[in-house]
Amino acid sequence: MNLFPVIHEDADLLVLHKPAGLVCHPTKGDAWSSLVSRVRLHLGTDGEPQMVHRLDRETSGVMIFAKTPDAAVELRQLWAAGFVTKEYLALVHGAVSAPSGLIELPLGKDEASIIAIKDCVRPDGASARTHWWRERTFERPEGIFSLLRVRLDTGRKHQIRLHLAAIGHPLVGDKLYGPDELLYLAFVKRQLTPEQCRILLLPQQALHASRLWLPWQGEEREFASAPEAPFADFLAGKPVTWEPEGQAP
């Protein structure tokens, strides 16, 4: 079993493809159960990996780790100054009519939800801005869907998922902000049924961190990774079937 696909590595940086379904931070599981633990295995006992940004467990794509304390400081400064650009691919339900758009909706805790981690659009929430561009709209037996490119001006929790759901185009496979939050409860209890899997269509939410740009050592660097098989197969019109075995909270 591979730890993860390596996109680029040098003395300062480790750029990798984070697999969908893998948490970033260490848990009580084994050394394979988190991305940070796998990075430590990759670098060995002398490594000092530092995670300077993160992705949700179900989101796949490009991530950068600093291999030294000095590199970590520089990367965090670049992020704080707004010099790092990340672009996502999102598969959403429905035909998105406009070619592009900007969503500006404040986000905060969803106090009406029984799920503690769930947020919502609320007027007293933190400001959030999401840019999107429609790549294409397509039809499958399950319905009509659109592929979007997305960039963020802010980095609120679940921002892309919340904003796209708020304009009527939730992510395919989103258990929390999709058709029914009870799908999320069934998932964390390891009780998803085959019918619920058919409702979700995909085993993970269809959000992929596809590209990242940043200035590094005097030049503009770009790193990219392709979506994983379920996302790519769905986009290509291929059938995607999955079973609820192996569910994890």
# chains A, B, ... in the order shown; residues from 1 in each chain; ligands from 1

call {"tool": "residues_around", "arguments": {"residues": "stretch 121-124 of chain A", "least_positions_apart": "3", "cutoff": "8 Å", "atoms": "only C-alpha atoms", "output": "VMD selection string"}}
result
chain A and resid 105 to 108 162 to 163 166

call {"tool": "residues_around", "arguments": {"residues": "stretch 229-244 of chain A", "least_positions_apart": "4", "cutoff": "12 Å", "atoms": "only C-alpha atoms", "output": "NGL selection string"}}
result
:A and (19-20 or 58-61 or 89-92 or 135-148 or 171-173 or 183 or 186-208 or 248)

call {"tool": "write_last_selection", "arguments": {"atoms": "N, CA and C atoms", "output": "compact mmCIF listing (two decimals), in the first residue's frame"}}
result
# COMPACT_ATOMS: atom_id res chain seq x y z
N PRO A 19 -5.18 11.54 -0.33
CA PRO A 19 -6.28 10.68 -0.75
C PRO A 19 -7.60 11.10 -0.10
N ALA A 20 -8.69 10.92 -0.82
CA ALA A 20 -10.02 11.14 -0.23
C ALA A 20 -10.26 10.11 0.87
N GLU A 58 -12.84 14.07 3.48
CA GLU A 58 -13.33 13.51 2.22
C GLU A 58 -12.80 14.23 0.99
N THR A 59 -12.12 15.35 1.18
CA THR A 59 -11.59 16.11 0.05
C THR A 59 -10.21 15.59 -0.33
N SER A 60 -10.01 15.35 -1.60
CA SER A 60 -8.72 14.89 -2.10
C SER A 60 -7.95 16.06 -2.71
N GLY A 61 -6.66 15.84 -2.99
CA GLY A 61 -5.94 16.82 -3.78
C GLY A 61 -4.62 17.28 -3.23
N LEU A 89 -11.88 21.55 -7.95
CA LEU A 89 -12.91 21.07 -8.85
C LEU A 89 -14.06 20.55 -8.01
N ALA A 90 -15.28 20.92 -8.40
CA ALA A 90 -16.46 20.52 -7.65
C ALA A 90 -17.51 19.99 -8.61
N LEU A 91 -18.02 18.79 -8.33
CA LEU A 91 -19.16 18.24 -9.06
C LEU A 91 -20.42 18.53 -8.26
N VAL A 92 -21.37 19.21 -8.88
CA VAL A 92 -22.57 19.63 -8.15
C VAL A 92 -23.83 19.14 -8.85
N GLU A 135 -17.35 24.79 -15.80
CA GLU A 135 -16.58 24.11 -16.84
C GLU A 135 -17.51 23.44 -17.84
N ARG A 136 -18.50 22.72 -17.35
CA ARG A 136 -19.49 22.12 -18.24
C ARG A 136 -20.64 21.56 -17.43
N THR A 137 -21.77 21.37 -18.11
CA THR A 137 -22.94 20.71 -17.55
C THR A 137 -23.19 19.44 -18.34
N PHE A 138 -23.57 18.37 -17.67
CA PHE A 138 -23.73 17.09 -18.34
C PHE A 138 -24.87 16.32 -17.69
N GLU A 139 -25.34 15.31 -18.40
CA GLU A 139 -26.45 14.50 -17.92
C GLU A 139 -26.03 13.05 -17.78
N ARG A 140 -26.49 12.43 -16.72
CA ARG A 140 -26.31 11.01 -16.46
C ARG A 140 -27.68 10.41 -16.16
N PRO A 141 -27.79 9.09 -16.08
CA PRO A 141 -29.09 8.50 -15.73
C PRO A 141 -29.64 9.02 -14.39
N GLU A 142 -28.73 9.42 -13.50
CA GLU A 142 -29.18 9.89 -12.18
C GLU A 142 -29.67 11.34 -12.19
N GLY A 143 -29.41 12.09 -13.26
CA GLY A 143 -29.84 13.48 -13.29
C GLY A 143 -28.88 14.36 -14.06
N ILE A 144 -28.99 15.67 -13.83
CA ILE A 144 -28.14 16.67 -14.48
C ILE A 144 -27.15 17.20 -13.45
N PHE A 145 -25.91 17.38 -13.90
CA PHE A 145 -24.83 17.79 -13.00
C PHE A 145 -23.95 18.83 -13.69
N SER A 146 -23.17 19.56 -12.90
CA SER A 146 -22.24 20.54 -13.44
C SER A 146 -20.88 20.38 -12.78
N LEU A 147 -19.84 20.63 -13.57
CA LEU A 147 -18.47 20.66 -13.06
C LEU A 147 -18.05 22.12 -12.94
N LEU A 148 -17.60 22.50 -11.74
CA LEU A 148 -17.18 23.87 -11.47
C LEU A 148 -15.71 23.91 -11.06
N LEU A 171 -22.82 19.75 -3.46
CA LEU A 171 -21.85 18.79 -3.97
C LEU A 171 -22.47 17.40 -4.07
N VAL A 172 -22.14 16.71 -5.13
CA VAL A 172 -22.50 15.30 -5.23
C VAL A 172 -21.79 14.54 -4.10
N GLY A 173 -22.52 13.71 -3.39
CA GLY A 173 -21.92 12.89 -2.34
C GLY A 173 -21.77 13.57 -1.00
N LEU A 183 -28.07 11.47 6.53
CA LEU A 183 -27.07 10.65 5.84
C LEU A 183 -25.74 10.69 6.59
N ALA A 186 -26.04 8.54 9.74
CA ALA A 186 -25.95 7.13 9.38
C ALA A 186 -24.51 6.74 9.07
N PHE A 187 -23.78 7.63 8.43
CA PHE A 187 -22.39 7.35 8.08
C PHE A 187 -21.51 7.21 9.33
N VAL A 188 -21.60 8.16 10.25
CA VAL A 188 -20.73 8.10 11.43
C VAL A 188 -21.10 6.93 12.35
N LYS A 189 -22.34 6.48 12.26
CA LYS A 189 -22.75 5.31 13.05
C LYS A 189 -22.49 4.00 12.31
N ARG A 190 -21.91 4.10 11.11
CA ARG A 190 -21.64 2.93 10.26
C ARG A 190 -22.94 2.19 9.91
N GLN A 191 -23.97 2.97 9.61
CA GLN A 191 -25.28 2.39 9.33
C GLN A 191 -25.83 2.81 7.97
N LEU A 192 -24.98 3.28 7.07
CA LEU A 192 -25.47 3.63 5.74
C LEU A 192 -26.04 2.40 5.04
N THR A 193 -27.20 2.57 4.45
CA THR A 193 -27.84 1.48 3.72
C THR A 193 -27.48 1.56 2.24
N PRO A 194 -27.66 0.49 1.50
CA PRO A 194 -27.45 0.56 0.05
C PRO A 194 -28.30 1.64 -0.62
N GLU A 195 -29.52 1.85 -0.14
CA GLU A 195 -30.36 2.90 -0.72
C GLU A 195 -29.76 4.28 -0.46
N GLN A 196 -29.22 4.51 0.73
CA GLN A 196 -28.57 5.79 1.03
C GLN A 196 -27.33 5.98 0.18
N CYS A 197 -26.60 4.92 -0.10
CA CYS A 197 -25.46 5.01 -1.01
C CYS A 197 -25.90 5.44 -2.40
N ARG A 198 -27.04 4.92 -2.84
CA ARG A 198 -27.55 5.31 -4.16
C ARG A 198 -27.97 6.77 -4.18
N ILE A 199 -28.47 7.28 -3.05
CA ILE A 199 -28.83 8.70 -2.96
C ILE A 199 -27.58 9.57 -3.04
N LEU A 200 -26.52 9.16 -2.35
CA LEU A 200 -25.28 9.93 -2.32
C LEU A 200 -24.54 9.89 -3.66
N LEU A 201 -24.64 8.78 -4.37
CA LEU A 201 -24.02 8.57 -5.68
C LEU A 201 -22.52 8.30 -5.61
N LEU A 202 -21.80 8.95 -4.71
CA LEU A 202 -20.36 8.78 -4.59
C LEU A 202 -19.98 8.51 -3.13
N PRO A 203 -18.89 7.77 -2.88
CA PRO A 203 -18.51 7.46 -1.50
C PRO A 203 -18.00 8.66 -0.72
N GLN A 204 -17.44 9.65 -1.41
CA GLN A 204 -17.01 10.89 -0.76
C GLN A 204 -17.60 12.08 -1.52
N GLN A 205 -17.67 13.22 -0.82
CA GLN A 205 -18.13 14.43 -1.49
C GLN A 205 -17.21 14.75 -2.67
N ALA A 206 -17.80 15.22 -3.77
CA ALA A 206 -17.04 15.41 -5.01
C ALA A 206 -16.35 16.78 -5.02
N LEU A 207 -15.34 16.90 -4.16
CA LEU A 207 -14.54 18.12 -4.07
C LEU A 207 -13.07 17.73 -4.10
N HIS A 208 -12.32 18.34 -5.03
CA HIS A 208 -10.93 17.96 -5.25
C HIS A 208 -10.07 19.21 -5.38
N ALA A 248 -16.20 4.93 8.06
CA ALA A 248 -15.40 5.41 9.20
C ALA A 248 -15.89 6.77 9.61

call {"tool": "atom_distance", "arguments": {"atom1": "atom CA of A:Ile160", "atom2": "atom CA of A:Leu22"}}
result
18.8 Å

call {"tool": "residues_around", "arguments": {"residues": "stretch 209-212 of chain A", "least_positions_apart": "2", "cutoff": "8 Å", "atoms": "only C-alpha atoms", "output": "PyMOL selection string"}}
result
chain A and resi 59-62+84-89+207+214+222-227

call {"tool": "write_last_selection", "arguments": {"atoms": "N, CA and C atoms", "output": "PDB file, in the first residue's frame"}}
result
ATOM      1  N   THR A  59     -12.121  15.354   1.181  1.00  0.00           N
ATOM      2  CA  THR A  59     -11.595  16.115   0.045  1.00  0.00           C
ATOM      3  C   THR A  59     -10.210  15.591  -0.327  1.00  0.00           C
ATOM      4  N   SER A  60     -10.006  15.353  -1.603  1.00  0.00           N
ATOM      5  CA  SER A  60      -8.715  14.890  -2.104  1.00  0.00           C
ATOM      6  C   SER A  60      -7.951  16.062  -2.713  1.00  0.00           C
ATOM      7  N   GLY A  61      -6.657  15.836  -2.992  1.00  0.00           N
ATOM      8  CA  GLY A  61      -5.935  16.815  -3.784  1.00  0.00           C
ATOM      9  C   GLY A  61      -4.616  17.284  -3.231  1.00  0.00           C
ATOM     10  N   VAL A  62      -4.143  18.395  -3.797  1.00  0.00           N
ATOM     11  CA  VAL A  62      -2.790  18.904  -3.542  1.00  0.00           C
ATOM     12  C   VAL A  62      -2.658  19.459  -2.129  1.00  0.00           C
ATOM     13  N   VAL A  84      -0.769  32.656  -1.854  1.00  0.00           N
ATOM     14  CA  VAL A  84      -1.005  31.267  -2.260  1.00  0.00           C
ATOM     15  C   VAL A  84      -2.408  31.166  -2.852  1.00  0.00           C
ATOM     16  N   THR A  85      -2.518  30.587  -4.029  1.00  0.00           N
ATOM     17  CA  THR A  85      -3.812  30.400  -4.689  1.00  0.00           C
ATOM     18  C   THR A  85      -4.096  28.907  -4.806  1.00  0.00           C
ATOM     19  N   LYS A  86      -5.277  28.508  -4.351  1.00  0.00           N
ATOM     20  CA  LYS A  86      -5.714  27.121  -4.480  1.00  0.00           C
ATOM     21  C   LYS A  86      -6.959  27.075  -5.355  1.00  0.00           C
ATOM     22  N   GLU A  87      -7.006  26.095  -6.224  1.00  0.00           N
ATOM     23  CA  GLU A  87      -8.180  25.919  -7.088  1.00  0.00           C
ATOM     24  C   GLU A  87      -8.740  24.509  -6.898  1.00  0.00           C
ATOM     25  N   TYR A  88     -10.058  24.447  -6.804  1.00  0.00           N
ATOM     26  CA  TYR A  88     -10.749  23.185  -6.584  1.00  0.00           C
ATOM     27  C   TYR A  88     -11.613  22.836  -7.786  1.00  0.00           C
ATOM     28  N   LEU A  89     -11.880  21.551  -7.952  1.00  0.00           N
ATOM     29  CA  LEU A  89     -12.908  21.074  -8.855  1.00  0.00           C
ATOM     30  C   LEU A  89     -14.059  20.547  -8.013  1.00  0.00           C
ATOM     31  N   LEU A 207     -15.338  16.896  -4.160  1.00  0.00           N
ATOM     32  CA  LEU A 207     -14.537  18.125  -4.066  1.00  0.00           C
ATOM     33  C   LEU A 207     -13.067  17.729  -4.101  1.00  0.00           C
ATOM     34  N   LEU A 214       2.130  29.188  -5.849  1.00  0.00           N
ATOM     35  CA  LEU A 214       2.760  30.045  -4.843  1.00  0.00           C
ATOM     36  C   LEU A 214       4.134  30.472  -5.331  1.00  0.00           C
ATOM     37  N   GLU A 222       3.748  25.920  -9.622  1.00  0.00           N
ATOM     38  CA  GLU A 222       2.411  25.364  -9.757  1.00  0.00           C
ATOM     39  C   GLU A 222       2.476  23.861  -9.536  1.00  0.00           C
ATOM     40  N   PHE A 223       1.552  23.358  -8.717  1.00  0.00           N
ATOM     41  CA  PHE A 223       1.460  21.935  -8.457  1.00  0.00           C
ATOM     42  C   PHE A 223       0.022  21.494  -8.716  1.00  0.00           C
ATOM     43  N   ALA A 224      -0.133  20.311  -9.294  1.00  0.00           N
ATOM     44  CA  ALA A 224      -1.465  19.857  -9.679  1.00  0.00           C
ATOM     45  C   ALA A 224      -1.603  18.363  -9.452  1.00  0.00           C
ATOM     46  N   SER A 225      -2.834  17.927  -9.278  1.00  0.00           N
ATOM     47  CA  SER A 225      -3.140  16.495  -9.213  1.00  0.00           C
ATOM     48  C   SER A 225      -4.518  16.262  -9.809  1.00  0.00           C
ATOM     49  N   ALA A 226      -4.717  15.062 -10.319  1.00  0.00           N
ATOM     50  CA  ALA A 226      -5.983  14.702 -10.964  1.00  0.00           C
ATOM     51  C   ALA A 226      -6.941  14.105  -9.939  1.00  0.00           C
ATOM     52  N   PRO A 227      -8.254  14.244 -10.173  1.00  0.00           N
ATOM     53  CA  PRO A 227      -9.229  13.616  -9.277  1.00  0.00           C
ATOM     54  C   PRO A 227      -9.084  12.101  -9.255  1.00  0.00           C
TER      55      PRO A 227
END

call {"tool": "residues_around", "arguments": {"residues": "A:Pro5", "least_positions_apart": "3", "cutoff": "9 Å", "atoms": "only C-alpha atoms", "output": "PyMOL selection string"}}
result
chain A and resi 2+16-19

call {"tool": "write_last_selection", "arguments": {"atoms": "N, CA and C atoms", "output": "PDB file, in the first residue's frame"}}
result
ATOM      1  N   ASN A   2       0.619   2.164  -0.913  1.00  0.00           N
ATOM      2  CA  ASN A   2       1.390   3.399  -0.961  1.00  0.00           C
ATOM      3  C   ASN A   2       0.909   4.367   0.118  1.00  0.00           C
ATOM      4  N   LEU A  16       2.184  16.668  -2.059  1.00  0.00           N
ATOM      5  CA  LEU A  16       1.589  15.344  -2.235  1.00  0.00           C
ATOM      6  C   LEU A  16       0.121  15.443  -2.620  1.00  0.00           C
ATOM      7  N   HIS A  17      -0.402  14.328  -3.061  1.00  0.00           N
ATOM      8  CA  HIS A  17      -1.833  14.181  -3.305  1.00  0.00           C
ATOM      9  C   HIS A  17      -2.443  13.522  -2.082  1.00  0.00           C
ATOM     10  N   LYS A  18      -3.303  14.255  -1.388  1.00  0.00           N
ATOM     11  CA  LYS A  18      -3.999  13.677  -0.233  1.00  0.00           C
ATOM     12  C   LYS A  18      -5.150  12.804  -0.723  1.00  0.00           C
ATOM     13  N   PRO A  19      -5.181  11.543  -0.325  1.00  0.00           N
ATOM     14  CA  PRO A  19      -6.282  10.679  -0.747  1.00  0.00           C
ATOM     15  C   PRO A  19      -7.605  11.096  -0.095  1.00  0.00           C
TER      16      PRO A  19
END

call {"tool": "select_by_dssp", "arguments": {"residues": "stretch 18-179 of chain A", "states": "helix (DSSP H, G or I)", "output": "list in words"}}
result
Leu35, Val36, Ser37, Arg38, Val39, Arg40, Leu41, His42, Leu43, Pro69, Asp70, Ala71, Ala72, Val73, Glu74, Leu75, Arg76, Gln77, Leu78, Trp79, Ala80, Gln159, Ile160, Arg161, Leu162, His163, Leu164, Ala165 and Ala166 of chain A

call {"tool": "atom_distance", "arguments": {"atom1": "atom CA of A:Gly21", "atom2": "atom CA of A:Phe4"}}
result
12.3 Å

call {"tool": "atom_distance", "arguments": {"atom1": "atom CA of A:His131", "atom2": "atom CA of A:Arg151"}}
result
5.2 Å

call {"tool": "closest_atom_pairs", "arguments": {"of": "stretch 179-212 of chain A", "to": "stretch 114-117 of chain A", "cutoff": "9 Å", "atoms": "only C-alpha atoms", "output": "CSV"}}
result
residue,atom,partner,partner_atom,distance
A:Glu181,CA,A:Ile115,CA,8.1
A:Tyr184,CA,A:Ile115,CA,8.6
A:Leu185,CA,A:Ile115,CA,7.9

call {"tool": "write_last_selection", "arguments": {"atoms": "N, CA and C atoms", "output": "mmCIF file, in the first residue's frame"}}
result
data_model
loop_
_atom_site.group_PDB
_atom_site.id
_atom_site.type_symbol
_atom_site.label_atom_id
_atom_site.label_comp_id
_atom_site.auth_asym_id
_atom_site.auth_seq_id
_atom_site.Cartn_x
_atom_site.Cartn_y
_atom_site.Cartn_z
ATOM 1 N N GLU A 181 -29.261 15.676 6.196
ATOM 2 C CA GLU A 181 -28.150 15.547 7.137
ATOM 3 C C GLU A 181 -28.172 14.205 7.877
ATOM 4 N N TYR A 184 -25.398 11.860 7.111
ATOM 5 C CA TYR A 184 -24.154 11.999 7.867
ATOM 6 C C TYR A 184 -24.220 11.180 9.153
ATOM 7 N N LEU A 185 -25.356 11.247 9.851
ATOM 8 C CA LEU A 185 -25.494 10.485 11.081
ATOM 9 C C LEU A 185 -25.406 8.991 10.814
#

call {"tool": "closest_residue", "arguments": {"among": "A:Ile64, A:Ala71, A:Met51, A:Ala165", "to": "A:Cys120", "atoms": "only C-alpha atoms"}}
result
A:Ala165

call {"tool": "residues_around", "arguments": {"residues": "stretch 36-38 of chain A", "least_positions_apart": "5", "cutoff": "12 Å", "atoms": "only C-alpha atoms", "output": "NGL selection string"}}
result
:A and (1-6 or 14 or 16 or 18-19 or 22-31 or 43-45 or 47-55 or 63-67)

call {"tool": "select_by_dssp", "arguments": {"residues": "stretch 50-162 of chain A", "states": "strand (DSSP E or B)", "output": "JSON, numbers by chain"}}
result
{"A": [50, 51, 60, 61, 62, 63, 64, 65, 66, 85, 86, 87, 88, 89, 90, 91, 92, 93, 100, 101, 102, 103, 104, 107, 108, 109, 119, 120, 121, 126, 129, 130, 131, 132, 133, 134, 135, 136, 137, 138, 139, 140, 143, 144, 145, 146, 147, 148, 149, 150, 151, 152]}

call {"tool": "write_last_selection", "arguments": {"atoms": "N, CA and C atoms", "output": "compact mmCIF listing (two decimals), in the first residue's frame"}}
result
# COMPACT_ATOMS: atom_id res chain seq x y z
N GLN A 50 5.79 19.74 8.88
CA GLN A 50 4.82 20.67 9.44
C GLN A 50 3.74 20.92 8.41
N MET A 51 2.50 20.70 8.82
CA MET A 51 1.35 20.91 7.94
C MET A 51 0.93 22.37 8.05
N SER A 60 -10.01 15.35 -1.60
CA SER A 60 -8.72 14.89 -2.10
C SER A 60 -7.95 16.06 -2.71
N GLY A 61 -6.66 15.84 -2.99
CA GLY A 61 -5.94 16.82 -3.78
C GLY A 61 -4.62 17.28 -3.23
N VAL A 62 -4.14 18.40 -3.80
CA VAL A 62 -2.79 18.90 -3.54
C VAL A 62 -2.66 19.46 -2.13
N MET A 63 -1.62 19.01 -1.44
CA MET A 63 -1.25 19.59 -0.15
C MET A 63 0.27 19.74 -0.08
N ILE A 64 0.70 20.76 0.66
CA ILE A 64 2.13 21.03 0.84
C ILE A 64 2.49 20.89 2.31
N PHE A 65 3.57 20.17 2.58
CA PHE A 65 4.16 20.09 3.91
C PHE A 65 5.53 20.75 3.88
N ALA A 66 5.84 21.47 4.94
CA ALA A 66 7.19 21.98 5.12
C ALA A 66 8.05 20.91 5.77
N THR A 85 -2.52 30.59 -4.03
CA THR A 85 -3.81 30.40 -4.69
C THR A 85 -4.10 28.91 -4.81
N LYS A 86 -5.28 28.51 -4.35
CA LYS A 86 -5.71 27.12 -4.48
C LYS A 86 -6.96 27.08 -5.35
N GLU A 87 -7.01 26.09 -6.22
CA GLU A 87 -8.18 25.92 -7.09
C GLU A 87 -8.74 24.51 -6.90
N TYR A 88 -10.06 24.45 -6.80
CA TYR A 88 -10.75 23.18 -6.58
C TYR A 88 -11.61 22.84 -7.79
N LEU A 89 -11.88 21.55 -7.95
CA LEU A 89 -12.91 21.07 -8.85
C LEU A 89 -14.06 20.55 -8.01
N ALA A 90 -15.28 20.92 -8.40
CA ALA A 90 -16.46 20.52 -7.65
C ALA A 90 -17.51 19.99 -8.61
N LEU A 91 -18.02 18.79 -8.33
CA LEU A 91 -19.16 18.24 -9.06
C LEU A 91 -20.42 18.53 -8.26
N VAL A 92 -21.37 19.21 -8.88
CA VAL A 92 -22.57 19.63 -8.15
C VAL A 92 -23.83 19.14 -8.85
N HIS A 93 -24.89 19.06 -8.11
CA HIS A 93 -26.20 18.71 -8.65
C HIS A 93 -26.77 19.88 -9.44
N SER A 100 -20.12 32.01 -14.64
CA SER A 100 -19.27 32.23 -13.48
C SER A 100 -20.05 33.03 -12.45
N GLY A 101 -19.49 33.12 -11.25
CA GLY A 101 -20.18 33.88 -10.23
C GLY A 101 -19.34 34.06 -8.97
N LEU A 102 -19.82 34.91 -8.10
CA LEU A 102 -19.20 35.17 -6.80
C LEU A 102 -20.27 35.00 -5.74
N ILE A 103 -19.99 34.17 -4.76
CA ILE A 103 -20.91 33.97 -3.64
C ILE A 103 -20.35 34.69 -2.43
N GLU A 104 -21.12 35.60 -1.88
CA GLU A 104 -20.73 36.33 -0.67
C GLU A 104 -21.83 36.13 0.37
N LEU A 107 -21.02 32.94 7.15
CA LEU A 107 -21.17 31.57 7.64
C LEU A 107 -20.94 31.50 9.15
N GLY A 108 -21.71 30.64 9.79
CA GLY A 108 -21.55 30.43 11.22
C GLY A 108 -22.20 29.13 11.64
N LYS A 109 -22.21 28.86 12.92
CA LYS A 109 -22.73 27.60 13.46
C LYS A 109 -24.21 27.45 13.17
N ASP A 119 -22.34 23.89 10.00
CA ASP A 119 -22.49 25.34 9.91
C ASP A 119 -23.60 25.69 8.93
N CYS A 120 -23.87 26.98 8.79
CA CYS A 120 -24.93 27.42 7.89
C CYS A 120 -24.67 28.86 7.49
N VAL A 121 -25.44 29.33 6.52
CA VAL A 121 -25.44 30.75 6.18
C VAL A 121 -26.27 31.48 7.22
N ALA A 126 -19.37 34.83 9.97
CA ALA A 126 -18.11 35.40 9.45
C ALA A 126 -18.23 35.57 7.94
N ARG A 129 -16.21 34.55 0.93
CA ARG A 129 -16.31 34.84 -0.51
C ARG A 129 -15.78 33.67 -1.31
N THR A 130 -16.60 33.21 -2.25
CA THR A 130 -16.25 32.07 -3.10
C THR A 130 -16.46 32.42 -4.56
N HIS A 131 -15.42 32.27 -5.38
CA HIS A 131 -15.52 32.48 -6.83
C HIS A 131 -15.69 31.12 -7.50
N TRP A 132 -16.53 31.05 -8.53
CA TRP A 132 -16.69 29.80 -9.26
C TRP A 132 -16.83 30.07 -10.75
N TRP A 133 -16.43 29.06 -11.54
CA TRP A 133 -16.54 29.10 -13.00
C TRP A 133 -17.10 27.76 -13.46
N ARG A 134 -18.10 27.79 -14.31
CA ARG A 134 -18.68 26.56 -14.84
C ARG A 134 -17.80 26.03 -15.95
N GLU A 135 -17.35 24.79 -15.80
CA GLU A 135 -16.58 24.11 -16.84
C GLU A 135 -17.51 23.44 -17.84
N ARG A 136 -18.50 22.72 -17.35
CA ARG A 136 -19.49 22.12 -18.24
C ARG A 136 -20.64 21.56 -17.43
N THR A 137 -21.77 21.37 -18.11
CA THR A 137 -22.94 20.71 -17.55
C THR A 137 -23.19 19.44 -18.34
N PHE A 138 -23.57 18.37 -17.67
CA PHE A 138 -23.73 17.09 -18.34
C PHE A 138 -24.87 16.32 -17.69
N GLU A 139 -25.34 15.31 -18.40
CA GLU A 139 -26.45 14.50 -17.92
C GLU A 139 -26.03 13.05 -17.78
N ARG A 140 -26.49 12.43 -16.72
CA ARG A 140 -26.31 11.01 -16.46
C ARG A 140 -27.68 10.41 -16.16
N GLY A 143 -29.41 12.09 -13.26
CA GLY A 143 -29.84 13.48 -13.29
C GLY A 143 -28.88 14.36 -14.06
N ILE A 144 -28.99 15.67 -13.83
CA ILE A 144 -28.14 16.67 -14.48
C ILE A 144 -27.15 17.20 -13.45
N PHE A 145 -25.91 17.38 -13.90
CA PHE A 145 -24.83 17.79 -13.00
C PHE A 145 -23.95 18.83 -13.69
N SER A 146 -23.17 19.56 -12.90
CA SER A 146 -22.24 20.54 -13.44
C SER A 146 -20.88 20.38 -12.78
N LEU A 147 -19.84 20.63 -13.57
CA LEU A 147 -18.47 20.66 -13.06
C LEU A 147 -18.05 22.12 -12.94
N LEU A 148 -17.60 22.50 -11.74
CA LEU A 148 -17.18 23.87 -11.47
C LEU A 148 -15.71 23.91 -11.06
N ARG A 149 -15.04 25.01 -11.43
CA ARG A 149 -13.76 25.38 -10.82
C ARG A 149 -14.04 26.42 -9.74
N VAL A 150 -13.36 26.30 -8.61
CA VAL A 150 -13.68 27.15 -7.46
C VAL A 150 -12.39 27.68 -6.85
N ARG A 151 -12.42 28.98 -6.50
CA ARG A 151 -11.33 29.59 -5.74
C ARG A 151 -11.92 30.38 -4.58
N LEU A 152 -11.15 30.47 -3.49
CA LEU A 152 -11.64 31.11 -2.27
C LEU A 152 -10.88 32.39 -1.96
